[in-house]
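> Provided herewith is a single structure, encoded as structure tokens, for subsequent inquiry.
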Amino acid sequence: MTTPKRVRQLLMTGVCLLLFLFEEPLAAQQVPTGPSSTHIFPAGGRRGSIVDVRVGGECIPPETRFRIFGEGVSANAVLGDRATGNYAPSPRRKPSEQPVTHPTEWHSQIAISEDAQLGPAIWRLSCASGGTGGRPFIIGDLPEYIENEPNSLIDEAEAVSLPVTINGQIAGENDIDYFSFSANSGDVVTIDVVAGRLGSALDPVVELRDDLGQRVLAQQIRVGADPVLAFRAKRDGQHHLLISGVTYKGGPSYVYRVTISNKPFARAAIPAIGRTGATERVDFLTIDGSSAESRNGFAIVAADVLFPQNKGSFVPNNIEIANAVVLNAADEPSVREAAQNDQRESAMDVLWPATVHGQLESADDEDWYRISCSSPVALTIECLARPGESSAMPIVGLIDGNGGVVNLASAIQAVEGVSRIYWQSPGAGDWWIRVRDLQQGITGGPDFTYQLSVREAVPDFALRCKSDVVNILQGTKSEIEILVDAKSGFSSPVELHVDGLPEGVSLEGQQVAAGQTTAKLIFSAADNAKSGDVTIRVRGTADVGSGRLERVMRAGHLGRDADGVGVSDANVDHLQLTVVHKPVFRLFCNEAYQYAHRGTLYPYLMEVERLGGFDQPIELQVADRQIKDLDGIEIPEMTVAPEQSKFMLPLCLPETMHINVQAHSNVYAQGHVKFVDQHGQAQTMLVISTMRCMIRTLPTVVKLRTSVASLNAIPGSTVSCPLVLDRTPNFSGAMEVQLVDPPQGISALPVTIPENESTGTLLIEVDSAVALSEIGPLKIRAVGEMYASVRVISEATISINRSPSDALDEESQ
């Protein structure tokens, strides 16, 4: 008979079993599978040079295509071999449950001509698995320096000569970078750190010290998320620059460029717009270290600038500033804000069409302008505060004669920094425009610059896309969202056109209805469309009145910070379209928990499904993307032969895995292949397993150690290293012990510790030419067979020192 107590016990057991069964979602937790770019290092180069670079990405197979766009730059069509930098290891931490990624790096080379266009060239990657968004490679005209590790201590600071552009990486948690340079008393020194504007993962912190180790007080501004500093040297001597990150994180993608110059750094130009063909005085608002204690301590560098005959943007030459400032030539009048226009009664008259260049120079400043209309007219009022150049967040109000607000535009709704009012005046009269800052009453300053334009409304439009890449799988469809920025009462339908569309790819959704602000442009690829990448341009045409407008769509690349600020323009006028090849194989496994001991090489059954007649070898490795920290788990690279459909994937579970931190481990594998497609093209593809290897770890079964803390030796001798195996009842097998990657001049023959025995001796040969003081700890590894092809692995380290008696003998000689 079952008692009530027994019933309760059975119910509780059932509940616990259900909780165990449903501890994980039943569906696989897939990671993103498409390729992505993460960085390039160095992130730029000098005109007239050939630069060896490491290109970083995730899920990038060997021989991935490498594209770079820019005048005077070129590169090899495919990436070279796997690369790695001289990175300091990060400390082990408790594993997290957050997704993690492990970018890989690949060799390439970029050639820069003597007359290459200064500024960013855009690079991309593409393979049979898809294409990546564009990132910038910066072309400069200063000497370039590439950091060399170690330089994480001030005594290891790398000396550079000014002016210079430094390329560096905060490549690990322990990594910080020191550089030193010489400055004389009174010298202006500006330091422009570019990280966020590259799309880098680094949020940089900058510190300066003089030759006495004292911190140097510097003037500092932000260009987007990046710091720019300026100071004046108080004495002759060496100065030290420290670059680090806000967080403890680091990695290959934490790249930066630092330009150090003896010229002032220009925050903005007033006016930034001039009349075509005219010579106008331009005041460059700069920091030069003369007002390190003042937030508003900007110095003016004045120059007479000849504006080009044709409309458009340009960078003036021969200005004594450290950075390039973009100006614009226009065909309408451009004037400066009048003094004392901070009240309606003293408003500045604006004879439109015109552009006024203003500043909100204090926290309580606001600027007033008066416009007059002689008859009903449609006007467009725009206020531009350039991201990265201005700290302003303007609010523009149109005020009537009674003080009422007719219309309002705020920086919060701004498109690429432009706040816009479209207004139809009811008749003749005067109206006022008030410009104030969203932060009014809190902050203001000379760098709160804006450009206010008033002109008769002419309907117009612009097209924008948030991303500059389109990936479309053969036999499927892919879409992009296009944003239609209607200006000045524009309300016509827009016809979309795509230039450069490859054969086998067609379009849908080419008509944008009148008044529609977004549209979906759909790309369809035929089953037999040729896999590859092309550059396409999207154009929009619209009939307005008796005329026809045509505008090219602009798309954002990855070289920008969270606010959209990049090096120069963060947009391009093209997209990369990649026709993705259908998968030629699939990796999967039984997604059920298996149990394995830490400190073992555990075989996990995997399967491969070959598709479309694919019969080539598959190279397997641990996936670049994981849904959680692997706590040191690795997959030794292996090859799956063409005839294999099932195989054992070796999971290396280190004995150092944390205990009682993660309840289980989920491991994704990836495989890459080379093949020739139906069009005769050589292709490379990378595929991540659709399911994860699920492991619950058990305690270690054996631990290798040495019975002494260190060894004493002399060059040309043999030293005995006593070994001990701390066994558990779960393992009694024999183990082979050997040195792992010993330094040159150190060697040892493998030794076997027999079954059921726990001690042995490794004889280490020390070459007569070895400098023992330069030898680090030696790694010793023991390997044995447990059961069912499970290998047991344990490691120990021991330092080897010069024998004290030998050192004394040498001193006496």
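Quick note on naming: the chains in the structure tokens go A, B, ... in the order shown, residues restart at 1 in each chain, and ligands are numbered from 1 in order of appearance.
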Find the spatial neighbours of stretch 513-523 of chain A, counting only C-alpha atoms, within a cut-off of 12 Å - ignore same-chain residues fewer than 5 positions away - and output them as number ranges by chain.
A: 461-466, 470-487, 489-498, 501-508, 536, 538-540, 542-544, 577-579
> Store the residues picked out above in a file with C-alpha atoms, as a CSV table (one decimal), in the first residue's frame.

```csv
chain,number,residue,atom,x,y,z
A,461,PHE,CA,14.2,64.3,-51.0
A,462,ALA,CA,17.1,62.1,-49.8
A,463,LEU,CA,17.4,58.3,-49.5
A,464,ARG,CA,19.3,56.6,-46.6
A,465,CYS,CA,19.9,53.1,-45.5
A,466,LYS,CA,21.3,52.1,-42.1
A,470,VAL,CA,23.1,43.1,-48.6
A,471,ASN,CA,23.4,39.3,-48.4
A,472,ILE,CA,21.0,37.2,-50.4
A,473,LEU,CA,21.0,33.4,-50.5
A,474,GLN,CA,20.6,31.7,-53.9
A,475,GLY,CA,17.0,30.9,-54.5
A,476,THR,CA,15.7,33.3,-51.8
A,477,LYS,CA,14.9,36.9,-51.2
A,478,SER,CA,16.5,39.6,-49.0
A,479,GLU,CA,15.3,43.1,-48.3
A,480,ILE,CA,16.7,46.4,-47.1
A,481,GLU,CA,14.8,49.3,-45.5
A,482,ILE,CA,15.2,52.6,-47.3
A,483,LEU,CA,14.4,55.8,-45.4
A,484,VAL,CA,12.9,58.6,-47.5
A,485,ASP,CA,13.8,62.1,-46.1
A,486,ALA,CA,11.1,64.4,-47.6
A,487,LYS,CA,12.2,68.0,-47.6
A,489,GLY,CA,7.0,69.9,-48.8
A,490,PHE,CA,8.1,67.0,-51.1
A,491,SER,CA,5.2,64.6,-51.6
A,492,SER,CA,5.8,62.9,-54.9
A,493,PRO,CA,6.2,59.1,-55.4
A,494,VAL,CA,9.8,57.9,-55.8
A,495,GLU,CA,11.0,55.3,-58.3
A,496,LEU,CA,14.0,53.3,-57.1
A,497,HIS,CA,16.7,52.1,-59.5
A,498,VAL,CA,19.7,49.9,-58.8
A,501,LEU,CA,22.8,44.5,-60.3
A,502,PRO,CA,24.3,41.1,-61.2
A,503,GLU,CA,22.8,38.6,-63.5
A,504,GLY,CA,20.3,36.4,-61.8
A,505,VAL,CA,19.2,39.0,-59.3
A,506,SER,CA,15.9,40.9,-59.7
A,507,LEU,CA,14.1,43.6,-57.7
A,508,GLU,CA,10.7,44.1,-56.1
A,536,ILE,CA,25.7,48.4,-56.4
A,538,VAL,CA,20.6,52.7,-55.4
A,539,ARG,CA,19.1,55.8,-57.0
A,540,GLY,CA,15.7,57.4,-56.6
A,542,ALA,CA,10.9,61.7,-58.7
A,543,ASP,CA,8.9,64.2,-60.7
A,544,VAL,CA,8.5,67.6,-59.0
A,577,LEU,CA,25.7,42.9,-52.5
A,578,THR,CA,26.8,39.3,-52.0
A,579,VAL,CA,24.9,36.4,-53.5
```
> Considering only C-alpha atoms, can you say which of A:Leu605, A:Ile68, A:Val315, A:Ile618 comes closest to A:Arg586?
A:Ile618
> List the neighbours of stretch 303-309 of chain A out to 10 Å using only C-alpha atoms; skip same-chain residues closer than 5 positions along the sequence, and give me the result as a ChimeraX atom specification.
/A:273-284,314-320,327-331
> DSSP says helix (DSSP H, G or I) for which residues of stretch 340-415 of chain A? Put them as a PyMOL selection string?
chain A and resi 344-346+411-413
> Write out as a list in words which residues come within 12 Å of A:Gln662 when counting only C-alpha atoms, dropping same-chain ones fewer than 4 positions away.
Lys94, Pro95, Ser96, Glu97, Gln98, Lys628, Asp629, Leu630, Asp631, Met657, His658, Asn666, Ile695, Arg696, Thr697 and Leu698 of chain A
> So which residues of stretch 53-168 of chain A fall under strand (DSSP E or B) by DSSP, listed as a ChimeraX atom specification?
/A:53-58,65-69,73-75,78,82-83,100-101,104-112,119-127,130-131,135-140,144-146,158-159,164-168
> For a test of reading the model, state the distance in Å between atom CA of A:Val740 and atom CA of A:Val661, rounded to one decimal.
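Distance reported for this atom pair: 29.0 Å.
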> Rank nothing, just name the residue among A:His39, A:Val454, A:Glu416, A:Leu438 nearest to A:Ala378, using only C-alpha atoms.
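With only C-alpha atoms as the atom set, the closest residue is A:Val454.
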